[in-house]
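What follows is the content of protein_21.tsv, which has TSV, C-alpha atoms:
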chain	number	residue	atom	x	y	z
H	273	MET	CA	11.55	-47.67	14.44
H	274	PRO	CA	9.00	-45.97	12.16
H	275	ASP	CA	9.50	-46.19	8.42
H	276	LEU	CA	10.47	-42.58	7.65
H	277	GLY	CA	9.80	-43.06	3.95
H	278	LYS	CA	6.22	-44.20	4.58
H	279	LEU	CA	5.73	-41.51	7.23
H	280	ARG	CA	6.84	-38.77	4.82
H	281	GLU	CA	4.64	-40.22	2.08
H	282	LYS	CA	1.64	-40.13	4.44
H	283	GLN	CA	2.40	-36.56	5.48
H	284	GLY	CA	2.77	-35.57	1.84
H	285	LYS	CA	-0.60	-37.11	0.94
H	286	ASP	CA	-2.26	-35.33	3.87
H	287	ILE	CA	-0.83	-31.95	2.88
H	288	ARG	CA	-1.68	-32.48	-0.79
H	289	ARG	CA	-5.28	-33.35	0.10
H	290	MET	CA	-5.56	-30.36	2.43
H	291	PHE	CA	-4.33	-27.87	-0.17
H	292	SER	CA	-6.46	-29.49	-2.86
H	293	GLY	CA	-9.51	-28.78	-0.75
H	294	ILE	CA	-8.79	-25.07	-0.28
H	295	ALA	CA	-7.35	-24.34	-3.75
H	296	PRO	CA	-10.49	-22.61	-5.15
H	297	ASN	CA	-10.57	-20.08	-2.28
H	298	TYR	CA	-6.83	-19.92	-1.60
H	299	ASP	CA	-6.08	-16.55	-3.22
H	300	PHE	CA	-9.21	-14.89	-1.83
H	301	LEU	CA	-8.39	-16.00	1.72
H	302	ASN	CA	-4.74	-14.96	1.42
H	303	ARG	CA	-5.81	-11.45	0.48
H	304	LEU	CA	-8.55	-11.31	3.12
H	305	LEU	CA	-6.57	-12.71	6.05
H	306	SER	CA	-3.45	-10.64	5.32
H	307	ALA	CA	-5.30	-7.46	4.25
H	308	ARG	CA	-3.41	-7.84	0.95
H	309	ILE	CA	-0.04	-7.40	2.68
H	310	ASP	CA	1.01	-10.73	1.16
H	311	VAL	CA	1.00	-9.04	-2.26
H	312	SER	CA	3.50	-6.41	-1.10
H	313	TRP	CA	5.69	-9.11	0.47
H	314	ARG	CA	6.02	-10.85	-2.87
H	315	GLU	CA	6.76	-7.59	-4.67
H	316	LYS	CA	9.48	-6.79	-2.12
H	317	THR	CA	10.93	-10.27	-2.57
H	318	VAL	CA	11.16	-9.79	-6.32
H	319	ARG	CA	12.80	-6.39	-5.85
H	320	LEU	CA	15.26	-7.43	-3.12
H	321	ALA	CA	16.16	-10.86	-4.54
H	322	PRO	CA	16.71	-10.54	-8.30
H	323	PRO	CA	18.45	-13.26	-10.30
H	324	PRO	CA	22.17	-12.46	-10.06
H	325	ILE	CA	23.19	-14.32	-13.22
H	326	ASP	CA	21.73	-15.33	-16.57
H	327	GLY	CA	19.41	-18.29	-16.82
H	328	PRO	CA	15.85	-19.43	-16.13
H	329	LEU	CA	14.03	-19.02	-12.80
H	330	LEU	CA	12.29	-21.66	-10.72
H	331	ASP	CA	9.55	-21.11	-8.15
H	332	VAL	CA	8.99	-24.27	-6.08
H	333	CYS	CA	5.89	-24.99	-3.99
H	334	THR	CA	4.42	-22.38	-6.31
H	335	GLY	CA	0.81	-22.98	-5.29
H	336	THR	CA	-1.36	-20.67	-7.37
H	337	GLY	CA	1.73	-19.11	-8.93
H	338	ASP	CA	1.74	-15.67	-7.28
H	339	LEU	CA	5.49	-15.41	-6.77
H	340	ALA	CA	6.32	-16.89	-10.18
H	341	LEU	CA	4.01	-14.34	-11.81
H	342	ALA	CA	5.51	-11.52	-9.73
H	343	TYR	CA	8.95	-12.47	-11.06
H	344	LEU	CA	7.50	-12.57	-14.57
H	345	ARG	CA	6.25	-8.99	-14.23
H	346	LYS	CA	9.70	-7.83	-13.11
H	347	HIS	CA	11.70	-10.00	-15.55
H	348	PRO	CA	9.45	-10.52	-18.61
H	349	GLY	CA	12.27	-11.84	-20.76
H	350	ARG	CA	13.17	-14.73	-18.46
H	351	LYS	CA	11.93	-18.30	-18.76
H	352	ILE	CA	10.21	-19.19	-15.50
H	353	PHE	CA	9.10	-22.55	-14.14
H	354	GLY	CA	6.64	-23.06	-11.30
H	355	THR	CA	6.41	-26.45	-9.61
H	356	ASP	CA	4.00	-27.85	-7.02
H	357	PHE	CA	2.87	-31.33	-6.03
H	358	CYS	CA	-0.79	-30.26	-5.69
H	359	ARG	CA	-2.54	-30.29	-9.07
H	360	PRO	CA	-5.63	-28.26	-8.03
H	361	MET	CA	-3.35	-25.43	-6.91
H	362	LEU	CA	-1.56	-25.52	-10.27
H	363	GLU	CA	-4.91	-25.41	-12.04
H	364	GLN	CA	-5.59	-22.10	-10.29
H	365	ALA	CA	-2.15	-20.86	-11.36
H	366	LEU	CA	-2.88	-21.77	-14.97
H	367	LYS	CA	-6.16	-19.85	-14.88
H	368	LYS	CA	-4.37	-16.72	-13.67
H	369	SER	CA	-1.57	-17.03	-16.20
H	370	SER	CA	-3.73	-17.90	-19.21
H	371	TRP	CA	-4.08	-14.26	-20.28
H	372	LYS	CA	-0.34	-13.62	-19.97
H	373	THR	CA	2.44	-14.68	-22.33
H	374	ALA	CA	1.60	-18.35	-22.67
H	375	SER	CA	5.16	-19.64	-22.79
H	376	ALA	CA	6.61	-17.34	-20.12
H	377	VAL	CA	5.73	-19.46	-17.07
H	378	GLU	CA	5.63	-23.24	-17.33
H	379	PHE	CA	3.76	-24.83	-14.45
H	380	LEU	CA	4.67	-28.44	-13.68
H	381	GLU	CA	3.40	-30.95	-11.14
H	382	ALA	CA	6.49	-31.95	-9.16
H	383	ASP	CA	7.64	-32.60	-5.60
H	384	THR	CA	10.31	-30.22	-4.29
H	385	LEU	CA	12.07	-33.22	-2.73
H	386	ALA	CA	12.68	-34.68	-6.21
H	387	LEU	CA	12.73	-31.91	-8.80
H	388	PRO	CA	12.61	-33.11	-12.45
H	389	PHE	CA	15.58	-31.01	-13.57
H	390	PRO	CA	19.28	-31.68	-14.17
H	391	GLU	CA	21.90	-30.07	-11.97
H	392	ASN	CA	23.00	-26.44	-12.35
H	393	GLN	CA	20.00	-25.12	-14.30
H	394	PHE	CA	18.53	-22.07	-12.58
H	395	ALA	CA	19.76	-18.55	-11.93
H	396	LEU	CA	17.27	-18.14	-9.09
H	397	ILE	CA	15.11	-20.49	-7.06
H	398	SER	CA	12.30	-19.04	-4.99
H	399	VAL	CA	9.68	-20.36	-2.60
H	400	ALA	CA	6.93	-18.43	-0.82
H	401	PHE	CA	5.25	-19.90	2.27
H	402	GLY	CA	5.91	-23.44	1.07
H	403	LEU	CA	9.17	-24.69	2.56
H	404	ARG	CA	7.57	-25.55	5.91
H	405	ASN	CA	4.98	-27.69	4.09
H	406	THR	CA	7.56	-30.08	2.64
H	407	GLN	CA	8.04	-33.39	4.41
H	408	ASP	CA	11.79	-32.78	4.72
H	409	PRO	CA	12.75	-29.07	4.51
H	410	LEU	CA	16.49	-29.75	4.66
H	411	LEU	CA	16.25	-32.20	1.77
H	412	ALA	CA	14.17	-29.63	-0.12
H	413	LEU	CA	16.90	-27.02	0.41
H	414	GLN	CA	19.51	-29.49	-0.83
H	415	GLU	CA	17.44	-30.30	-3.91
H	416	MET	CA	17.05	-26.59	-4.69
H	417	HIS	CA	20.82	-26.22	-4.29
H	418	ARG	CA	21.36	-29.12	-6.71
H	419	VAL	CA	19.41	-27.52	-9.55
H	420	ALA	CA	20.72	-23.97	-8.99
H	421	ARG	CA	23.47	-22.67	-11.22
H	422	PRO	CA	26.81	-21.78	-9.58
H	423	GLY	CA	26.39	-18.18	-8.47
H	424	GLY	CA	22.60	-18.56	-8.46
H	425	ARG	CA	20.38	-17.17	-5.73
H	426	LEU	CA	17.90	-18.69	-3.30
H	427	ALA	CA	14.94	-16.59	-2.10
H	428	ILE	CA	12.66	-17.93	0.64
H	429	LEU	CA	9.65	-15.93	1.82
H	430	GLU	CA	8.19	-17.50	4.94
H	431	PHE	CA	5.91	-16.65	7.83
H	432	SER	CA	7.52	-15.88	11.17
H	433	MET	CA	6.32	-14.90	14.63
H	434	PRO	CA	7.03	-11.28	15.65
H	435	ASN	CA	8.56	-10.61	19.05
H	436	TRP	CA	7.65	-6.94	19.48
H	437	PRO	CA	6.30	-6.17	22.99
H	438	VAL	CA	2.80	-5.07	21.86
H	439	ALA	CA	2.47	-6.15	18.24
H	440	GLY	CA	3.82	-9.65	18.95
H	441	PRO	CA	1.12	-10.76	21.44
H	442	LEU	CA	-1.65	-9.11	19.41
H	443	TYR	CA	-0.56	-10.81	16.22
H	444	ARG	CA	-0.14	-14.19	17.93
H	445	TRP	CA	-3.69	-13.89	19.31
H	446	TYR	CA	-5.02	-13.06	15.84
H	447	PHE	CA	-2.97	-15.82	14.22
H	448	ARG	CA	-4.03	-18.52	16.72
H	449	THR	CA	-7.64	-17.46	17.29
H	450	VAL	CA	-9.18	-15.25	14.61
H	451	LEU	CA	-7.39	-16.46	11.47
H	452	PRO	CA	-8.30	-20.17	11.86
H	453	LYS	CA	-11.99	-19.38	12.47
H	454	VAL	CA	-12.30	-16.98	9.53
H	455	GLY	CA	-10.29	-19.26	7.25
H	456	GLN	CA	-12.35	-22.30	8.20
H	457	TRP	CA	-15.65	-20.44	7.72
H	458	PHE	CA	-14.79	-19.32	4.19
H	459	SER	CA	-12.87	-22.40	3.05
H	460	LYS	CA	-15.12	-25.07	4.63
H	461	SER	CA	-11.94	-27.17	4.77
H	462	SER	CA	-12.62	-30.76	5.82
H	463	ASP	CA	-8.99	-30.96	6.97
H	464	ALA	CA	-9.05	-27.83	9.17
H	465	ALA	CA	-6.39	-26.27	6.94
H	466	TYR	CA	-6.43	-22.97	8.79
H	467	ASP	CA	-5.75	-24.69	12.11
H	468	TYR	CA	-2.72	-26.27	10.45
H	469	LEU	CA	-1.33	-22.89	9.35
H	470	PRO	CA	-0.53	-21.36	12.79
H	471	GLN	CA	0.69	-24.71	14.10
H	472	SER	CA	3.06	-25.17	11.16
H	473	VAL	CA	4.46	-21.64	11.56
H	474	ARG	CA	4.89	-22.08	15.31
H	475	ASP	CA	6.79	-25.35	14.85
H	476	PHE	CA	9.02	-24.19	12.00
H	477	PRO	CA	12.47	-22.66	12.68
H	478	GLN	CA	12.97	-19.01	11.89
H	479	ASP	CA	15.71	-16.39	11.72
H	480	GLU	CA	19.14	-17.84	12.55
H	481	ALA	CA	17.78	-21.37	13.06
H	482	LEU	CA	16.43	-21.51	9.50
H	483	ALA	CA	19.52	-19.73	8.20
H	484	ASP	CA	21.59	-22.56	9.66
H	485	TRP	CA	19.50	-25.15	7.79
H	486	ILE	CA	20.11	-23.20	4.58
H	487	ARG	CA	23.87	-23.29	5.20
H	488	GLN	CA	23.74	-27.02	5.94
H	489	ALA	CA	22.20	-27.52	2.49
H	490	GLY	CA	25.29	-25.97	0.87
H	491	TRP	CA	24.20	-22.37	0.38
H	492	GLN	CA	26.43	-19.44	1.33
H	493	SER	CA	26.04	-15.70	2.06
H	494	VAL	CA	22.81	-16.40	3.93
H	495	GLU	CA	20.89	-13.32	5.04
H	496	PHE	CA	17.40	-12.75	6.42
H	497	ARG	CA	15.23	-9.67	6.57
H	498	PRO	CA	11.92	-9.28	8.44
H	499	PHE	CA	8.85	-7.78	6.78
H	500	THR	CA	5.98	-6.00	8.57
H	501	LEU	CA	7.29	-6.20	12.15
H	502	GLY	CA	8.48	-9.76	11.61
H	503	ILE	CA	5.20	-11.31	10.42
H	504	ALA	CA	7.12	-12.61	7.40
H	505	THR	CA	10.83	-12.98	6.71
H	506	LEU	CA	12.82	-13.05	3.49
H	507	TYR	CA	15.85	-15.35	3.47
H	508	THR	CA	18.41	-15.07	0.67
H	509	ALA	CA	21.52	-17.09	-0.14
H	510	LEU	CA	23.88	-17.87	-3.01
H	511	LYS	CA	25.23	-21.10	-4.43
H	512	PRO	CA	29.03	-20.87	-4.42
H	513	SER	CA	30.26	-20.01	-7.91
H	514	GLY	CA	33.00	-22.63	-7.76
H	515	ILE	CA	30.54	-25.53	-7.50
H	516	VAL	CA	29.78	-27.33	-10.76
Rewrite the coordinates I just gave you, this time as structure tokens.
Amino acid sequence: MPDLGKLREKQGKDIRRMFSGIAPNYDFLNRLLSARIDVSWREKTVRLAPPPIDGPLLDVCTGTGDLALAYLRKHPGRKIFGTDFCRPMLEQALKKSSWKTASAVEFLEADTLALPFPENQFALISVAFGLRNTQDPLLALQEMHRVARPGGRLAILEFSMPNWPVAGPLYRWYFRTVLPKVGQWFSKSSDAAYDYLPQSVRDFPQDEALADWIRQAGWQSVEFRPFTLGIATLYTALKPSGIV
């Protein structure tokens, strides 16, 4: 049998190296390839998934910090943490946040599978387009549940594949054919990062299948809501208030 620990470590190193290589152009390509729709998705997430209780917020797999900073704009009085296991991505986040309130968002290098926080700390835990990049998404969901406060909320923004009769095939063609070529041309990724993107979305569960994983991790009141004809989906859940 394969050593799952070593396999996950190898996968983690590969993903970290891949994102390190595209970090300088990551924000530019996100805006270009999505026609800036990704910005509106994050703003909708912040509006539809506010922290339901008092306490700090945590954005895991934060990348360049876009969702953490979107929550900061909406909740300027909250302490917010952003964690990622890719240092070059965090360096981009720090550049963007340097002109803001210095102590408002604290960016930390950390793996979502082993968060450096005690139990029951956060009123809200968010992740945008990062859960599918973890080596063990179910373990990541369990770890997020561990550090959430009782009554705290989970907000997951993730890509999905639309099933509309006309828009679905057109988007799948763009996603599989155009996006990887444009992304590769601009990023010059030695790891073909923008070939990985459509493959990872295609292979990742969505809708009720992902909702079931969230429930397995201990979360309750799981709901999901498609954005832009199902190109992205927002999943929300709550940690039961009786758990301490």
List the spatial neighbours of Ala395 (chain H) as a list in words - criterion: any atom at most 8 Å away, only C-alpha atoms, same-chain residues fewer than 4 positions off excluded.
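Final neighbour list, sorted by chain and number: Pro323, Pro324, Ile325, Asp326, Gly327, Pro328, Leu329, Ala420, Arg421, Gly423, Gly424 and Arg425 of chain H.
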Of the residues H:Asn405, H:Ser398, H:Ser493, H:Ser312, which is the one nearest to Val332 (chain H), using all atoms listed in the file?
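Distance minimum relative to Val332 (chain H) lands on H:Ser398.
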For CA of Ile503 (chain H) and CA of Pro434 (chain H), determine how far apart the two atoms are, in Å to one decimal place.
5.5 Å
Output as CSV one row per residue of region 346-445 of chain H within 12 Å of region 481-484 of chain H: the closest atom pair and its distance in Å to one decimal place, counting all atoms listed in the file, sorted by chain and residue number ascending.
residue,atom,partner,partner_atom,distance
H:Leu403,CA,H:Leu482,CA,10.5
H:Arg404,CA,H:Leu482,CA,10.4
H:Pro409,CA,H:Leu482,CA,9.8
H:Leu410,CA,H:Leu482,CA,9.6
H:Leu413,CA,H:Leu482,CA,10.6
H:Leu426,CA,H:Ala483,CA,11.7
H:Ala427,CA,H:Ala483,CA,11.7
H:Ile428,CA,H:Leu482,CA,10.3
H:Leu429,CA,H:Leu482,CA,11.7
H:Glu430,CA,H:Leu482,CA,10.2
H:Phe431,CA,H:Leu482,CA,11.7
H:Ser432,CA,H:Leu482,CA,10.7
Non-local contacts of region 347-359 of chain H (6 Å; all atoms listed in the file; under 5 positions in same chain excluded) as a ChimeraX atom specification
/H:288,328-334,376-383
Just checking: using only C-alpha atoms, which residue out of H:Asn297, H:Asn435, H:Lys368, H:Thr317 ends up closest to Tyr507 (chain H)?
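Checking each candidate against Tyr507 (chain H), we get H:Thr317 as the closest.
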Just checking: using only C-alpha atoms, which residue out of H:Tyr468, H:Leu362, H:Pro498, H:Pro322 ends up closest to Lys453 (chain H)?
H:Tyr468
Would you mind telling me which residue in H:Ile486, H:Leu387, H:Leu469, H:Met416 lies nearest to Met290 (chain H) when using all atoms listed in the file?
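That would be H:Leu469, the residue with the smallest distance to Met290 (chain H).
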